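Reading through the structure tokens given below for one structure.
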Amino acid sequence: MKTGDKIAIVNCSNGQSASSKAKLQKLHTELTRMGLIPVWSPYIYEKEYLFSGFAQERAKSLMDFYQDDEIKEIFDISGGDIANEILPYLDYDVIAGSDKRFWGYSDLTTVLNAVYAKTGRQTVLYQIRNLINSDSENQLARFRKSMLEDASDLFDFSFDFIQKEEMSGIVAGGNIRCLLKLAGTEYWPDMTGKILLLEAYGGEVPQMVTYLNQLSQIGVFRQINGILLGTFTKMEEKMCRPQIGELVKRYAGEEIPIACTAQVGHGADARAVIIGKELTLRKNFRCSLRGL
């Protein structure tokens, strides 16, 4: 991208509350100061209960941006529960023919992985609202360098291995709860040889046991080349025991490589990870996942 480019801002999951307008205006201002031109979907704010529009309307708004040659990237600002209802209304042939990427996190894990599964196109696990959250100064600097100066800052993260010492594969996954909404559907990515990225905001030990057993029972741990654990916010805040790493070892087994990072997930300092991109992690090396 370059200064003067247009980017789309969409909201495919729960609608934003009216009280968030000031924050979103701040996001608009920061992007404009950076030299970008944000173009907003008409389906951002709650209109009826949690909906900013019907699924078909939100999907059409997203597809309109995919078909607009002036739009260079598409950023989703939402999270919540309902993003997967737009999946049947997306035109995957159009998306497959586009070189722009969809960015989002949390509930948008459903869209990120569905797009990759149906089209092979890369998507990005990242929440652009981080540009105005508590780590905004650093986030703005990383975002600017990576998007406008061809650097890799936004995609660099540190990690530690908790089992084995190396893994390599294409990244799939994201929020563990939301990823599992795709299980059994045509939108589930082929996990063969993948690095499975898992993170979470809510949920404690019982919920994680449920999710990890579901992943085990559908055969994922027999297919993948490794697991990358991001942050598990509520578990970490409540200092839950067993910790997530111990649980993953218990259900994924002793042979699979497992690494963890505190720089991917719901934190205000979170970095971006590209779904659909080859990634190699080795013990004692920092990851640079250049995205542009």
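We name chains A, B, ... following the order of the structure tokens; residues begin at 1 in each chain, and ligands are numbered from 1 as shown.
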
- Near-Leu179 (chain A) list (12 Å; only C-alpha atoms; drop same-chain fewer than 5 positions) as number ranges by chain: A: 81, 83-84, 105-114, 172-174, 184-185, 187-189, 196-200, 211-212, 214-215

Kindly assemble as a tab-separated table a list of the region 31-127 of chain A residues that lie within 10 Å of region 6-15 of chain A, each paired with its nearest atom pair and their distance in Å to one decimal, using only C-alpha atoms, sorted first by chain and then by ascending residue number.
```
residue	atom	partner	partner_atom	distance
A:Leu31	CA	A:Ile7	CA	9.3
A:Thr32	CA	A:Lys6	CA	10.0
A:Gly35	CA	A:Lys6	CA	9.4
A:Leu36	CA	A:Lys6	CA	6.0
A:Ile37	CA	A:Lys6	CA	4.5
A:Pro38	CA	A:Ile7	CA	5.0
A:Val39	CA	A:Ala8	CA	4.9
A:Trp40	CA	A:Ile9	CA	4.8
A:Ser41	CA	A:Val10	CA	5.2
A:Pro42	CA	A:Val10	CA	8.3
A:Tyr43	CA	A:Asn11	CA	6.5
A:Ile44	CA	A:Asn11	CA	5.3
A:Tyr45	CA	A:Gly15	CA	4.8
A:Glu46	CA	A:Gly15	CA	4.4
A:Lys47	CA	A:Gly15	CA	7.7
A:Glu48	CA	A:Gly15	CA	9.0
A:Tyr49	CA	A:Gly15	CA	8.5
A:Leu50	CA	A:Gly15	CA	5.4
A:Phe51	CA	A:Gly15	CA	5.2
A:Ser52	CA	A:Gly15	CA	4.6
A:Gly53	CA	A:Gly15	CA	8.1
A:Phe54	CA	A:Cys12	CA	10.0
A:Ala55	CA	A:Cys12	CA	8.2
A:Glu57	CA	A:Cys12	CA	9.6
A:Arg58	CA	A:Cys12	CA	6.0
A:Ala59	CA	A:Cys12	CA	7.4
A:Ser61	CA	A:Val10	CA	7.7
A:Leu62	CA	A:Val10	CA	6.8
A:Asp64	CA	A:Ala8	CA	9.9
A:Phe65	CA	A:Ala8	CA	6.6
A:Tyr66	CA	A:Ala8	CA	9.1
A:Asp68	CA	A:Ala8	CA	9.7
A:Asp69	CA	A:Lys6	CA	9.6
A:Glu70	CA	A:Lys6	CA	6.2
A:Ile71	CA	A:Lys6	CA	5.0
A:Lys72	CA	A:Ile7	CA	5.6
A:Glu73	CA	A:Ile7	CA	5.1
A:Ile74	CA	A:Ala8	CA	4.6
A:Phe75	CA	A:Ile9	CA	5.0
A:Asp76	CA	A:Val10	CA	4.7
A:Ile77	CA	A:Asn11	CA	5.7
A:Ser78	CA	A:Asn11	CA	5.2
A:Gly79	CA	A:Ser13	CA	5.5
A:Gly80	CA	A:Asn14	CA	5.4
A:Asp81	CA	A:Ser13	CA	6.3
A:Ile82	CA	A:Ser13	CA	4.9
A:Ala83	CA	A:Ser13	CA	4.1
A:Asn84	CA	A:Ser13	CA	7.9
A:Glu85	CA	A:Ser13	CA	8.6
A:Ile86	CA	A:Cys12	CA	7.4
A:Leu87	CA	A:Cys12	CA	9.9
A:Lys100	CA	A:Ile7	CA	9.8
A:Phe102	CA	A:Ala8	CA	9.4
A:Trp103	CA	A:Ile9	CA	9.6
A:Gly104	CA	A:Asn11	CA	9.4
A:Ser106	CA	A:Ser13	CA	9.8
A:Asp107	CA	A:Ser13	CA	6.9
A:Leu108	CA	A:Ser13	CA	7.1
A:Val111	CA	A:Cys12	CA	8.8
```

Next, the residues of the selection above should be written as a compact mmCIF listing (two decimals), in the first residue's frame with C-alpha atoms.
```txt
# COMPACT_ATOMS: atom_id res chain seq x y z
CA LEU A 31 -5.82 6.37 9.62
CA THR A 32 -6.31 9.67 7.81
CA GLY A 35 -2.28 9.17 4.74
CA LEU A 36 -4.84 6.42 4.17
CA ILE A 37 -8.46 6.95 3.13
CA PRO A 38 -10.88 4.84 5.23
CA VAL A 39 -14.15 3.96 3.50
CA TRP A 40 -16.79 2.71 5.94
CA SER A 41 -19.46 0.11 5.39
CA PRO A 42 -23.03 1.34 6.00
CA TYR A 43 -23.45 -1.63 8.34
CA ILE A 44 -21.33 -0.69 11.35
CA TYR A 45 -23.69 0.20 14.21
CA GLU A 46 -26.44 -1.78 15.90
CA LYS A 47 -29.81 -1.25 14.27
CA GLU A 48 -31.86 -4.04 15.84
CA TYR A 49 -30.56 -5.81 18.91
CA LEU A 50 -26.99 -6.83 18.06
CA PHE A 51 -27.41 -6.66 14.27
CA SER A 52 -25.96 -3.88 12.13
CA GLY A 53 -27.84 -5.38 9.17
CA PHE A 54 -29.10 -8.69 7.87
CA ALA A 55 -26.48 -11.30 7.01
CA GLU A 57 -26.57 -6.98 3.71
CA ARG A 58 -23.34 -7.33 5.64
CA ALA A 59 -22.07 -9.88 3.12
CA SER A 61 -21.17 -4.71 1.76
CA LEU A 62 -18.05 -6.87 2.11
CA ASP A 64 -18.80 -4.54 -2.76
CA PHE A 65 -15.40 -3.70 -1.30
CA TYR A 66 -13.82 -6.80 -2.83
CA ASP A 68 -14.00 -2.03 -5.81
CA ASP A 69 -10.60 -1.71 -7.48
CA GLU A 70 -9.77 1.38 -5.43
CA ILE A 71 -9.93 -0.54 -2.14
CA LYS A 72 -6.55 -2.05 -1.26
CA GLU A 73 -7.26 -3.88 2.03
CA ILE A 74 -10.39 -4.73 4.06
CA PHE A 75 -10.39 -4.40 7.86
CA ASP A 76 -13.13 -5.70 10.14
CA ILE A 77 -13.56 -3.85 13.45
CA SER A 78 -16.04 -6.23 15.06
CA GLY A 79 -16.10 -9.30 17.24
CA GLY A 80 -18.76 -11.27 19.05
CA ASP A 81 -20.75 -14.23 17.77
CA ILE A 82 -22.54 -13.83 14.46
CA ALA A 83 -19.91 -13.47 11.71
CA ASN A 84 -20.43 -17.02 10.44
CA GLU A 85 -23.95 -16.19 9.26
CA ILE A 86 -22.52 -14.22 6.33
CA LEU A 87 -20.48 -17.15 4.96
CA LYS A 100 -6.79 -7.68 -1.35
CA PHE A 102 -9.45 -9.47 4.81
CA TRP A 103 -8.25 -8.56 8.34
CA GLY A 104 -10.05 -9.34 11.59
CA SER A 106 -11.86 -13.16 17.43
CA ASP A 107 -15.24 -14.08 15.88
CA LEU A 108 -13.85 -13.12 12.47
CA VAL A 111 -14.39 -15.54 7.94
```

- Contacts of Leu229 (chain A) at 10 Å or less, counting only C-alpha atoms, minus same-chain residues fewer than 4 places along, as JSON, numbers by chain? {"A": [159, 160, 161, 174, 196, 197, 198, 199, 200, 244, 245, 248, 258, 259, 260, 261, 262, 263, 264, 265]}

Okay, now the selection with N, CA and C atoms, as a PDB file, in the first residue's frame?
```pdb
ATOM      1  N   PHE A 159       8.511 -15.964  20.663  1.00  0.00           N
ATOM      2  CA  PHE A 159       7.822 -17.188  21.073  1.00  0.00           C
ATOM      3  C   PHE A 159       8.781 -18.078  21.837  1.00  0.00           C
ATOM      4  N   ASP A 160       8.229 -19.051  22.538  1.00  0.00           N
ATOM      5  CA  ASP A 160       9.002 -20.073  23.235  1.00  0.00           C
ATOM      6  C   ASP A 160       8.383 -21.425  22.953  1.00  0.00           C
ATOM      7  N   PHE A 161       9.230 -22.423  22.809  1.00  0.00           N
ATOM      8  CA  PHE A 161       8.727 -23.787  22.666  1.00  0.00           C
ATOM      9  C   PHE A 161       8.495 -24.393  24.044  1.00  0.00           C
ATOM     10  N   GLY A 174      -6.963 -19.538  14.792  1.00  0.00           N
ATOM     11  CA  GLY A 174      -7.265 -18.257  15.412  1.00  0.00           C
ATOM     12  C   GLY A 174      -7.951 -18.494  16.738  1.00  0.00           C
ATOM     13  N   LEU A 196      -1.363 -25.043  13.620  1.00  0.00           N
ATOM     14  CA  LEU A 196      -2.658 -24.631  14.161  1.00  0.00           C
ATOM     15  C   LEU A 196      -2.439 -23.533  15.192  1.00  0.00           C
ATOM     16  N   LEU A 197      -2.916 -22.343  14.873  1.00  0.00           N
ATOM     17  CA  LEU A 197      -2.860 -21.201  15.784  1.00  0.00           C
ATOM     18  C   LEU A 197      -4.120 -21.200  16.646  1.00  0.00           C
ATOM     19  N   LEU A 198      -3.940 -21.123  17.964  1.00  0.00           N
ATOM     20  CA  LEU A 198      -5.069 -21.096  18.886  1.00  0.00           C
ATOM     21  C   LEU A 198      -4.870 -19.980  19.908  1.00  0.00           C
ATOM     22  N   GLU A 199      -5.938 -19.217  20.143  1.00  0.00           N
ATOM     23  CA  GLU A 199      -5.951 -18.206  21.197  1.00  0.00           C
ATOM     24  C   GLU A 199      -7.385 -18.066  21.667  1.00  0.00           C
ATOM     25  N   ALA A 200      -7.591 -17.327  22.759  1.00  0.00           N
ATOM     26  CA  ALA A 200      -8.946 -17.143  23.275  1.00  0.00           C
ATOM     27  C   ALA A 200      -9.009 -15.890  24.135  1.00  0.00           C
ATOM     28  N   ILE A 244      -3.033 -23.414  29.996  1.00  0.00           N
ATOM     29  CA  ILE A 244      -3.416 -23.864  28.659  1.00  0.00           C
ATOM     30  C   ILE A 244      -2.348 -24.771  28.045  1.00  0.00           C
ATOM     31  N   GLY A 245      -1.089 -24.469  28.271  1.00  0.00           N
ATOM     32  CA  GLY A 245      -0.044 -25.317  27.705  1.00  0.00           C
ATOM     33  C   GLY A 245      -0.126 -26.749  28.203  1.00  0.00           C
ATOM     34  N   VAL A 248      -3.094 -28.463  26.496  1.00  0.00           N
ATOM     35  CA  VAL A 248      -2.830 -28.808  25.099  1.00  0.00           C
ATOM     36  C   VAL A 248      -1.928 -30.032  25.015  1.00  0.00           C
ATOM     37  N   ILE A 258       4.901 -27.747  20.100  1.00  0.00           N
ATOM     38  CA  ILE A 258       4.005 -26.708  20.640  1.00  0.00           C
ATOM     39  C   ILE A 258       4.855 -25.509  21.037  1.00  0.00           C
ATOM     40  N   ALA A 259       4.472 -24.337  20.538  1.00  0.00           N
ATOM     41  CA  ALA A 259       5.124 -23.081  20.917  1.00  0.00           C
ATOM     42  C   ALA A 259       4.064 -22.121  21.429  1.00  0.00           C
ATOM     43  N   CYS A 260       4.500 -21.141  22.210  1.00  0.00           N
ATOM     44  CA  CYS A 260       3.563 -20.154  22.737  1.00  0.00           C
ATOM     45  C   CYS A 260       4.137 -18.751  22.553  1.00  0.00           C
ATOM     46  N   THR A 261       3.234 -17.789  22.404  1.00  0.00           N
ATOM     47  CA  THR A 261       3.614 -16.389  22.277  1.00  0.00           C
ATOM     48  C   THR A 261       2.624 -15.520  23.033  1.00  0.00           C
ATOM     49  N   ALA A 262       3.131 -14.489  23.663  1.00  0.00           N
ATOM     50  CA  ALA A 262       2.269 -13.530  24.356  1.00  0.00           C
ATOM     51  C   ALA A 262       1.902 -12.360  23.449  1.00  0.00           C
ATOM     52  N   GLN A 263       2.286 -12.438  22.168  1.00  0.00           N
ATOM     53  CA  GLN A 263       2.096 -11.313  21.255  1.00  0.00           C
ATOM     54  C   GLN A 263       1.081 -11.587  20.153  1.00  0.00           C
ATOM     55  N   VAL A 264       0.258 -12.620  20.319  1.00  0.00           N
ATOM     56  CA  VAL A 264      -0.820 -12.914  19.378  1.00  0.00           C
ATOM     57  C   VAL A 264      -2.073 -13.208  20.182  1.00  0.00           C
ATOM     58  N   GLY A 265      -3.164 -12.540  19.840  1.00  0.00           N
ATOM     59  CA  GLY A 265      -4.412 -12.762  20.549  1.00  0.00           C
ATOM     60  C   GLY A 265      -5.208 -11.491  20.728  1.00  0.00           C
TER      61      GLY A 265
END
```

- Between A:Gly193, A:Gly226, A:Pro242, A:Gly276, which has the minimum distance to Glu255 (chain A) (counting only C-alpha atoms)? A:Gly226

- Item | Straight-line distance linking CA of Asn133 (chain A) with CA of Ala270 (chain A), stated in Å to one decimal |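 One can read the CA of Asn133 (chain A) to CA of Ala270 (chain A) distance as 10.9 Å.
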
- Shortest contact to Arg101 (chain A), candidates A:Arg222, A:Leu125, A:Ala22, A:Ala117, atoms counted only C-alpha atoms, goes to A:Leu125

- Query: Could you write out, as a list in words, all the residues of region 73-175 of chain A that DSSP marks as strand (DSSP E or B)?
  - Reply: Glu73, Ile74, Phe75, Asp76, Phe102, Trp103, Gly104, Thr123, Val124, Leu125, Asp156, Phe157, Asp160, Phe161, Ile162, Gln163, Glu166, Met167, Ser168, Gly169, Ile170, Val171, Ala172, Gly173, Gly174 and Asn175 of chain A
